Amino acid sequence: MLATKTSTQINVRQTLIQEIDQTSDSLLSEVLDFLLFIRAKHSAVQIDIQTDFDELIEDYDDPKEKILEDLRQSLADAKAGRVHDISELWDGIDV
């Protein structure tokens with residue numbers, strides 16, 4: 001089981017590195033912001049849940065492929081120019 005997790009992690013890292021290598025510097029800044037946001041969000045979840053790390057990983061095993069596919073789609077959209085200006089992010093949202 002550990003070998004499978006390690007193999008999957010390596011494949012995900014390799015795929016991300018390949019995508020990063022093919023992405024412009026201007027888009028990489030947005031991707032970095034997104035990754036930092038996700039990492040902070042997951043850190044907060046770990047603190048709030050106060051659970052064992054392995055148990056938390058099991059909860060997220062299934063959606064990893066969906067998350068990776070969403071990231072691929074986001075990168076493809078960005079490369080194709082299907083993006084919104086960051087200044088419009090909160091338009092129409094009352095916070």
# chains A, B, ... in the order shown; residues from 1 in each chain; ligands from 1
$ residues_around --residues "range 22-38 of chain A" --least-positions-apart "6" --cutoff "9 Å" --atoms "only C-alpha atoms" --output "list in words"
Leu71, Leu75, Ala78 and Lys79 of chain A
$ write_last_selection --atoms "N, CA and C atoms" --output "CSV table (one decimal), in the first residue's frame"
chain,number,residue,atom,x,y,z
A,71,LEU,N,-7.3,20.9,-11.8
A,71,LEU,CA,-6.1,21.7,-12.0
A,71,LEU,C,-5.7,21.7,-13.5
A,75,LEU,N,-5.4,25.0,-15.9
A,75,LEU,CA,-4.3,25.4,-16.6
A,75,LEU,C,-4.6,25.5,-18.1
A,78,ALA,N,-6.4,28.7,-18.6
A,78,ALA,CA,-5.5,29.8,-18.5
A,78,ALA,C,-4.7,30.0,-19.8
A,79,LYS,N,-4.2,28.8,-20.3
A,79,LYS,CA,-3.4,28.9,-21.5
A,79,LYS,C,-4.1,29.3,-22.7
$ closest_residue --among "A:Glu19, A:Gly92, A:Arg39, A:Ser87" --to "Gln73 in chain A" --atoms "only C-alpha atoms"
A:Glu19
$ atom_distance --atom1 "CA of Ile17 in chain A" --atom2 "CA of Leu89 in chain A"
27.2 Å
